[in-house]
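Below: target.csv (CSV, C-alpha atoms and all ligand atoms)
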```
chain,number,residue,atom,x,y,z
W,201,MET,CA,81.8,97.7,91.7
W,202,ALA,CA,82.7,99.7,94.8
W,203,PRO,CA,86.0,98.5,96.3
W,204,SER,CA,85.8,96.9,99.8
W,205,SER,CA,89.3,98.0,100.7
W,206,PHE,CA,92.0,100.5,99.9
W,207,LYS,CA,95.8,100.4,100.3
W,208,LEU,CA,97.9,102.5,102.7
W,209,ASN,CA,101.3,103.8,101.6
W,210,THR,CA,102.8,101.1,103.8
W,211,GLY,CA,101.3,98.5,101.4
W,212,ALA,CA,98.8,97.3,104.0
W,213,PRO,CA,95.1,97.0,103.0
W,214,ILE,CA,92.5,99.0,104.9
W,215,PRO,CA,88.8,98.1,104.8
W,216,ALA,CA,86.9,100.9,103.1
W,217,VAL,CA,84.1,101.0,105.7
W,218,GLY,CA,84.9,101.1,109.5
W,219,LEU,CA,82.7,101.5,112.5
W,220,GLY,CA,83.0,104.8,114.3
W,221,THR,CA,82.9,104.8,118.1
W,222,TRP,CA,82.8,108.4,119.2
W,223,GLN,CA,79.9,109.1,121.6
W,224,SER,CA,79.1,105.4,121.7
W,225,LYS,CA,78.4,105.1,125.4
W,226,PRO,CA,79.7,102.5,127.8
W,227,GLY,CA,77.1,99.9,128.0
W,228,GLU,CA,76.4,100.1,124.3
W,229,VAL,CA,79.7,100.2,122.4
W,230,ALA,CA,80.9,96.6,123.1
W,231,GLU,CA,77.6,95.3,121.7
W,232,ALA,CA,77.9,97.7,118.7
W,233,VAL,CA,81.5,96.5,117.9
W,234,LYS,CA,80.4,92.9,118.3
W,235,ILE,CA,77.4,93.3,116.0
W,236,ALA,CA,79.6,95.1,113.4
W,237,LEU,CA,82.3,92.5,113.4
W,238,GLN,CA,79.8,89.6,113.2
W,239,ASN,CA,78.1,91.3,110.2
W,240,GLY,CA,81.1,91.9,107.9
W,241,TYR,CA,82.9,94.9,109.3
W,242,LYS,CA,86.6,94.4,109.7
W,243,HIS,CA,87.6,97.9,110.7
W,244,ILE,CA,87.0,99.8,114.0
W,245,ASP,CA,87.9,103.4,114.5
W,246,ALA,CA,88.7,104.2,118.2
W,247,ALA,CA,90.4,106.9,120.2
W,248,TRP,CA,91.7,107.4,123.7
W,249,ILE,CA,89.7,110.5,124.2
W,250,TYR,CA,86.4,108.7,123.5
W,251,GLY,CA,86.9,107.0,126.9
W,252,ASN,CA,85.4,103.7,125.8
W,253,GLN,CA,88.3,101.7,124.4
W,254,ALA,CA,88.1,99.0,127.1
W,255,GLU,CA,84.6,98.3,125.9
W,256,VAL,CA,85.7,98.4,122.3
W,257,GLY,CA,88.2,95.8,123.1
W,258,GLU,CA,85.5,93.7,124.9
W,259,GLY,CA,83.4,93.9,121.7
W,260,ILE,CA,86.3,92.7,119.6
W,261,ARG,CA,86.8,89.7,121.9
W,262,GLN,CA,83.1,88.9,122.1
W,263,SER,CA,82.8,88.9,118.3
W,264,GLY,CA,84.9,85.8,118.0
W,265,VAL,CA,86.7,87.4,115.0
W,266,ASN,CA,90.5,87.0,115.1
W,267,ARG,CA,92.4,90.1,116.0
W,268,LYS,CA,94.6,89.7,112.9
W,269,ASP,CA,91.5,89.9,110.7
W,270,ILE,CA,90.5,93.3,112.1
W,271,PHE,CA,91.9,96.8,111.3
W,272,VAL,CA,92.1,98.8,114.5
W,273,THR,CA,92.8,102.5,114.6
W,274,SER,CA,93.3,104.7,117.7
W,275,LYS,CA,94.4,108.2,118.2
W,276,LEU,CA,97.0,110.2,120.2
W,277,TRP,CA,95.1,112.9,122.3
W,278,CYS,CA,96.3,116.5,122.4
W,279,THR,CA,97.6,116.2,126.0
W,280,GLN,CA,99.8,113.2,124.9
W,281,HIS,CA,101.9,114.9,122.2
W,282,ARG,CA,105.0,114.8,124.2
W,283,ASP,CA,105.0,111.0,124.7
W,284,PRO,CA,103.3,109.0,121.9
W,285,LEU,CA,105.1,105.8,123.0
W,286,ALA,CA,103.6,106.0,126.5
W,287,ALA,CA,100.2,107.0,125.0
W,288,VAL,CA,100.1,104.0,122.5
W,289,ASP,CA,100.9,101.7,125.4
W,290,GLU,CA,97.8,103.0,127.2
W,291,CYS,CA,95.6,102.5,124.2
W,292,LEU,CA,96.9,98.9,123.7
W,293,LYS,CA,96.2,98.2,127.4
W,294,GLU,CA,92.7,99.6,127.2
W,295,LEU,CA,91.9,97.8,124.0
W,296,GLY,CA,93.5,94.5,125.2
W,297,ILE,CA,95.5,94.1,122.0
W,298,ASP,CA,99.3,94.2,121.3
W,299,TYR,CA,99.4,96.4,118.2
W,300,LEU,CA,97.4,99.0,116.3
W,301,ASP,CA,96.9,98.9,112.6
W,302,LEU,CA,96.9,102.7,112.5
W,303,TYR,CA,97.7,105.4,115.1
W,304,LEU,CA,96.8,109.0,114.3
W,305,ILE,CA,97.6,112.4,115.8
W,306,HIS,CA,94.0,113.3,116.7
W,307,TRP,CA,94.4,117.1,116.3
W,308,PRO,CA,97.4,119.2,115.5
W,309,VAL,CA,97.0,120.9,118.8
W,310,PRO,CA,99.5,120.1,121.6
W,311,LEU,CA,97.8,120.8,125.0
W,312,ALA,CA,99.7,121.0,128.4
W,313,ALA,CA,100.4,117.5,129.6
W,314,ASN,CA,100.2,118.6,133.3
W,315,GLY,CA,97.5,121.2,133.1
W,316,ASN,CA,94.4,121.5,135.2
W,317,ASP,CA,92.6,118.6,133.4
W,318,PRO,CA,94.0,115.4,131.8
W,319,LYS,CA,91.9,115.9,128.6
W,320,PHE,CA,90.9,119.5,128.2
W,321,PRO,CA,93.3,121.7,130.3
W,322,LYS,CA,92.4,125.3,130.5
W,323,ARG,CA,94.2,128.5,131.5
W,324,PRO,CA,92.8,130.7,134.2
W,325,ASP,CA,91.2,132.9,131.5
W,326,GLY,CA,89.2,129.9,130.3
W,327,SER,CA,91.2,129.5,127.0
W,328,ARG,CA,92.7,126.1,126.0
W,329,ASP,CA,96.1,125.5,127.7
W,330,ILE,CA,98.1,125.1,124.5
W,331,ASP,CA,101.6,123.7,125.0
W,332,GLU,CA,103.4,126.6,123.3
W,333,GLU,CA,106.9,125.0,123.8
W,334,TRP,CA,106.1,121.9,121.8
W,335,THR,CA,105.9,121.5,118.0
W,336,ILE,CA,104.0,119.1,115.7
W,337,ALA,CA,107.3,118.1,114.1
W,338,LYS,CA,108.4,116.8,117.5
W,339,THR,CA,105.1,115.0,117.9
W,340,TRP,CA,105.7,113.3,114.6
W,341,GLU,CA,109.2,112.2,115.7
W,342,GLY,CA,107.4,110.5,118.6
W,343,MET,CA,104.9,108.9,116.2
W,344,GLU,CA,107.8,107.6,114.1
W,345,LYS,CA,109.2,105.9,117.2
W,346,VAL,CA,105.8,104.3,117.8
W,347,LEU,CA,106.0,102.9,114.2
W,348,ALA,CA,109.6,101.7,114.7
W,349,SER,CA,108.5,99.9,117.9
W,350,GLY,CA,105.9,97.9,116.0
W,351,LYS,CA,103.2,99.0,118.4
W,352,ALA,CA,101.4,100.6,115.4
W,353,ARG,CA,101.8,99.2,111.9
W,354,ALA,CA,101.1,102.6,110.3
W,355,ILE,CA,101.0,106.2,111.6
W,356,GLY,CA,99.0,109.1,110.3
W,357,VAL,CA,97.2,112.3,111.3
W,358,SER,CA,93.7,113.6,111.7
W,359,ASN,CA,92.3,117.1,111.3
W,360,PHE,CA,95.3,118.3,109.4
W,361,SER,CA,94.7,121.0,106.7
W,362,GLN,CA,97.0,121.2,103.7
W,363,ALA,CA,99.1,124.0,105.3
W,364,PHE,CA,99.7,121.8,108.4
W,365,LEU,CA,100.6,118.8,106.3
W,366,GLU,CA,103.0,120.8,104.2
W,367,ASP,CA,104.7,121.9,107.4
W,368,LEU,CA,104.9,118.4,108.7
W,369,LEU,CA,106.3,117.0,105.5
W,370,LYS,CA,109.3,119.4,105.7
W,371,THR,CA,110.8,117.3,108.5
W,372,ALA,CA,108.9,114.0,108.5
W,373,LYS,CA,110.9,110.8,107.7
W,374,THR,CA,107.7,108.9,107.3
W,375,VAL,CA,104.8,110.2,105.1
W,376,PRO,CA,101.6,109.9,107.1
W,377,ALA,CA,99.5,106.9,105.9
W,378,ALA,CA,96.2,108.7,106.4
W,379,ASN,CA,94.5,111.9,107.3
W,380,GLN,CA,91.1,111.5,109.0
W,381,ILE,CA,89.0,114.6,108.4
W,382,GLU,CA,85.3,115.7,108.4
W,383,LEU,CA,83.9,114.7,104.9
W,384,HIS,CA,80.3,114.6,103.6
W,385,PRO,CA,78.5,116.4,100.8
W,386,TYR,CA,78.1,119.6,102.8
W,387,LEU,CA,81.9,119.6,103.4
W,388,PRO,CA,83.5,117.6,100.6
W,389,GLN,CA,86.9,119.4,100.9
W,390,HIS,CA,87.7,118.5,97.3
W,391,ASP,CA,91.0,120.3,97.2
W,392,LEU,CA,92.3,118.7,100.4
W,393,VAL,CA,91.2,115.3,99.3
W,394,LYS,CA,93.0,115.7,96.0
W,395,TYR,CA,96.2,117.0,97.8
W,396,LEU,CA,96.1,113.9,100.0
W,397,GLN,CA,95.6,111.5,97.2
W,398,ASP,CA,98.5,113.1,95.2
W,399,LYS,CA,100.8,112.6,98.2
W,400,GLY,CA,99.7,109.0,98.9
W,401,ILE,CA,98.0,110.0,102.1
W,402,LEU,CA,94.7,108.1,102.3
W,403,PRO,CA,91.8,110.4,103.2
W,404,GLN,CA,89.3,109.0,105.8
W,405,ALA,CA,85.8,110.5,106.2
W,406,TYR,CA,84.6,111.2,109.8
W,407,SER,CA,81.1,112.3,110.5
W,408,PRO,CA,80.2,111.0,107.0
W,409,LEU,CA,76.4,111.1,107.9
W,410,GLY,CA,76.7,114.6,109.4
W,411,SER,CA,77.1,113.4,113.0
W,412,THR,CA,74.2,113.6,115.5
W,413,ASP,CA,70.7,114.8,114.2
W,414,SER,CA,72.1,115.4,110.8
W,415,PRO,CA,70.2,117.5,108.2
W,416,LEU,CA,72.1,115.5,105.5
W,417,LEU,CA,69.9,112.5,106.0
W,418,LYS,CA,66.8,114.6,105.1
W,419,ASP,CA,68.3,116.5,102.2
W,420,PRO,CA,65.9,116.2,99.3
W,421,LYS,CA,68.6,115.5,96.7
W,422,ILE,CA,70.2,112.8,98.9
W,423,VAL,CA,66.7,111.3,99.7
W,424,LYS,CA,66.0,111.2,95.9
W,425,ILE,CA,69.2,109.2,95.2
W,426,ALA,CA,68.4,106.9,98.1
W,427,GLU,CA,64.9,106.2,96.8
W,428,ALA,CA,66.2,105.5,93.3
W,429,HIS,CA,68.4,102.7,94.8
W,430,SER,CA,65.8,101.6,97.5
W,431,VAL,CA,68.2,102.3,100.3
W,432,GLY,CA,68.5,104.8,103.1
W,433,SER,CA,70.2,108.2,102.9
W,434,GLY,CA,73.0,106.7,105.1
W,435,ASN,CA,73.9,104.3,102.4
W,436,VAL,CA,74.2,107.1,99.8
W,437,LEU,CA,76.4,109.1,102.1
W,438,ILE,CA,78.7,106.1,102.9
W,439,SER,CA,78.8,104.9,99.3
W,440,TYR,CA,79.7,108.5,98.2
W,441,GLN,CA,83.0,108.4,100.1
W,442,VAL,CA,84.0,104.9,98.9
W,443,ALA,CA,83.3,106.0,95.3
W,444,ARG,CA,85.7,108.9,95.7
W,445,GLY,CA,88.5,106.7,97.1
W,446,VAL,CA,87.9,107.7,100.8
W,447,VAL,CA,87.7,105.4,103.8
W,448,VAL,CA,84.4,106.0,105.6
W,449,LEU,CA,83.7,105.7,109.3
W,450,PRO,CA,80.0,105.7,110.1
W,451,LYS,CA,79.1,105.5,113.8
W,452,SER,CA,76.0,103.7,115.1
W,453,VAL,CA,75.0,101.8,118.2
W,454,THR,CA,71.7,100.7,116.6
W,455,GLU,CA,71.8,97.1,115.4
W,456,LYS,CA,69.8,97.7,112.2
W,457,ARG,CA,71.7,100.8,111.3
W,458,ILE,CA,75.1,99.1,111.9
W,459,ILE,CA,74.1,96.3,109.5
W,460,ASP,CA,72.5,98.7,107.0
W,461,ASN,CA,75.5,101.0,106.9
W,462,PHE,CA,77.8,98.3,105.7
W,463,LYS,CA,76.0,98.1,102.4
W,464,VAL,CA,77.9,100.1,99.8
W,465,ILE,CA,76.0,100.8,96.6
W,466,ASP,CA,77.3,101.8,93.1
W,467,LEU,CA,76.3,105.4,92.4
W,468,THR,CA,76.0,106.7,88.8
W,469,ALA,CA,78.2,109.5,87.5
W,470,ASP,CA,75.2,111.9,87.5
W,471,GLU,CA,74.5,111.0,91.2
W,472,LEU,CA,78.1,111.5,92.1
W,473,SER,CA,78.1,114.9,90.4
W,474,VAL,CA,75.0,116.0,92.4
W,475,LEU,CA,76.7,114.9,95.6
W,476,ASN,CA,80.0,116.6,94.6
W,477,ASP,CA,78.2,119.9,94.0
W,478,LEU,CA,75.8,119.9,97.0
W,479,HIS,CA,78.2,122.1,99.1
W,480,LYS,CA,77.6,124.9,96.6
W,481,GLU,CA,74.1,125.2,98.1
W,482,THR,CA,74.8,124.2,101.7
W,483,THR,CA,78.2,124.3,103.4
W,484,LYS,CA,78.4,123.0,106.9
W,485,ARG,CA,81.1,121.8,109.3
W,486,PHE,CA,79.7,119.8,112.2
W,487,VAL,CA,82.9,119.3,114.3
W,488,LYS,CA,84.8,122.5,115.1
W,489,PRO,CA,86.1,122.6,118.6
W,490,GLU,CA,87.3,126.1,119.8
W,491,TRP,CA,91.0,125.5,120.1
W,492,GLY,CA,92.0,129.1,119.9
W,493,ILE,CA,94.5,128.5,117.1
W,494,ASP,CA,93.9,128.7,113.4
W,495,LEU,CA,94.1,125.2,111.8
W,496,LYS,CA,94.1,126.8,108.4
W,497,PHE,CA,91.1,124.9,107.0
W,498,ASP,CA,88.9,126.5,104.3
W,499,ASN,CA,85.3,126.9,105.6
W,500,TRP,CA,86.2,126.4,109.3
W,501,GLU,CA,83.5,128.8,110.4
W,502,THR,CA,80.7,127.3,108.3
W,601,LIG,N1,89.2,112.3,114.1
W,601,LIG,C1,88.3,113.1,114.6
W,601,LIG,O1,88.5,114.2,115.1
W,601,LIG,C2,86.9,112.6,114.6
W,601,LIG,C3,85.8,113.5,114.8
W,601,LIG,C4,84.5,113.0,114.7
W,601,LIG,C5,84.3,111.7,114.4
W,601,LIG,N2,85.3,110.8,114.3
W,601,LIG,C6,85.1,109.4,113.9
W,601,LIG,O2,84.2,109.2,112.9
W,601,LIG,C7,83.1,108.5,113.4
W,601,LIG,C8,81.8,108.9,112.8
W,601,LIG,O3,81.5,110.3,113.0
W,601,LIG,P1,80.3,110.8,114.0
W,601,LIG,O4,80.2,109.8,115.1
W,601,LIG,O5,80.6,112.2,114.3
W,601,LIG,O6,79.0,110.8,113.1
W,601,LIG,P2,78.3,110.0,111.9
W,601,LIG,O7,78.8,108.6,111.8
W,601,LIG,O8,78.3,110.9,110.8
W,601,LIG,O9,76.8,110.0,112.5
W,601,LIG,C9,76.5,109.3,113.7
W,601,LIG,C10,75.0,109.6,114.0
W,601,LIG,O10,74.2,109.1,113.0
W,601,LIG,C11,73.3,108.1,113.5
W,601,LIG,N3,73.1,107.1,112.4
W,601,LIG,C12,74.0,106.1,112.1
W,601,LIG,N4,73.6,105.4,111.1
W,601,LIG,C13,72.4,105.9,110.7
W,601,LIG,C14,71.5,105.6,109.7
W,601,LIG,N5,71.7,104.6,108.8
W,601,LIG,N6,70.4,106.4,109.6
W,601,LIG,C15,70.1,107.4,110.4
W,601,LIG,N7,71.0,107.7,111.4
W,601,LIG,C16,72.1,107.0,111.6
W,601,LIG,C17,73.9,107.6,114.8
W,601,LIG,O11,72.9,107.2,115.7
W,601,LIG,P3,72.9,105.8,116.6
W,601,LIG,O12,74.3,105.6,117.0
W,601,LIG,O13,72.0,106.2,117.7
W,601,LIG,O14,72.4,104.8,115.6
W,601,LIG,C18,74.6,108.9,115.3
W,601,LIG,O15,73.7,109.7,115.9
W,601,LIG,C19,83.1,108.7,114.9
W,601,LIG,O16,82.4,107.8,115.6
W,601,LIG,C20,84.6,108.6,115.2
W,601,LIG,O17,85.0,107.3,115.1
W,601,LIG,C21,86.6,111.3,114.3
```
Take the structure I supplied and represent it as structure tokens, if you would.
Amino acid sequence: MAPSSFKLNTGAPIPAVGLGTWQSKPGEVAEAVKIALQNGYKHIDAAWIYGNQAEVGEGIRQSGVNRKDIFVTSKLWCTQHRDPLAAVDECLKELGIDYLDLYLIHWPVPLAANGNDPKFPKRPDGSRDIDEEWTIAKTWEGMEKVLASGKARAIGVSNFSQAFLEDLLKTAKTVPAANQIELHPYLPQHDLVKYLQDKGILPQAYSPLGSTDSPLLKDPKIVKIAEAHSVGSGNVLISYQVARGVVVLPKSVTEKRIIDNFKVIDLTADELSVLNDLHKETTKRFVKPEWGIDLKFDNWET
């Protein structure tokens, strides 16, 4: 039987399936969160940069589900690396809650806090305004202060390659509880997932369906497995991550899909092996912002 939750290195349980909220528009995300929580989800993945946290909070309240029964994640944006304590306060205020279950560094890319844009500051030549004076080690110290403050019960990272994590672990007092990365059969990142699991860092799969207009949903091998179980391709992609011990964060604002996506099925060893190997035919990364620095991921350019 597929597990319904995993454990963080803090000892806290984390529900295996969470609702993603990126690109969920104002006017639709509160309803999506409400529908999810009223249909079994107990885990919401949010971020300051998504610009919709106030509505996510509204959805949590409208659901009638107790705050303490929901696992809420948010993320420190790139322009906030110098002051995670102030940034977490802003998240809590937007969401209307008084602690996060997990707070992640969204990208290992510090951007100028006082540049020409609060979210994506650029230099006059059009390149990203990277905060060259700052280090990720110092960002992590700030995250550790957030943990000590109780405003987040666990802290972690997102979009960290093994090389970036190895660097972080040289000075970190707290081992990150999670690393949220792009994971699906066209980008399974087997080596990175194994490294994380060996270190007690829980991998989380973002864009598990392949994000918007995904070719994964129509891949004949995935469709064949879905048909064998009389479910949709989405269920196969979501269940695949749970089967490999990975938290999975499908996004939808469509009622039927939100409800369908929560159904995790048991895949056979042969089906898992097909899904594990699919990247040998097609390798594809859907989320690859042009930061102008090398994040040291394999297959960044695919
Ligand atoms: N840490 C990071 O840097 C990072 C980056 C990307 C994503 N994330 C997180 O991960 C979450 C998921 O990633 P994502 O939003 O990129 O993409 P995703 O969950 O892989 O795919 C979402 C897309 O698939 C559609 N969809 C959902 N369920 C479906 C189903 N059963 N059948 C067919 N289509 C379906 C959705 O449409 P509708 O909504 O119209 O139904 C939407 O267009 C995000 O929302 C966010 O919380 C984090």
9 Å from ligand LIG 601 (chain W) is the threshold here; counting only C-alpha atoms and all ligand atoms, which polymer residues fall inside it? Answer as a PyMOL selection string. chain W and resi 218-224+232+244-247+250+275+304-307+357-359+379-384+404-414+417+432-435+448-461+486-487
Open item on the list: Using all atoms listed in the file, can you tell me which of W:Lys488, W:Arg444, W:Lys421, W:His479 comes closest to Lys394 of chain W?
Closed with: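 Comparing W:Lys488, W:Arg444, W:Lys421, W:His479 against Lys394 of chain W, the winner is W:Arg444.
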**Asked** Suppose you want the space between atom CA of Ser263 of chain W and atom CA of Gly227 of chain W; what is it in Å?
**Response**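 Straight-line distance from atom CA of Ser263 of chain W to atom CA of Gly227 of chain W works out to 15.7 Å.
Each of W:Val288, W:Ile330, W:Ala469, W:Val265 was compared to Asn316 of chain W using only C-alpha atoms, and W:Ile330 turns out to be the nearest.
Relative to atom CA of Lys338 of chain W, atom CA of Gly326 of chain W is found at 26.5 Å.
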W:Gln441, W:Thr483, W:Asn209, W:Asn476 ranked by distance to Arg353 of chain W, top pick (using only C-alpha atoms):
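Closest candidate: W:Asn209.
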Requested in this report: Fewer than 6 positions away in the same chain doesn't count, so skip those; otherwise give me all residues within 10 Å of Gly296 of chain W, counting only C-alpha atoms, as an NGL selection string.
Outcome: :W and (253-258 or 260-261 or 290)
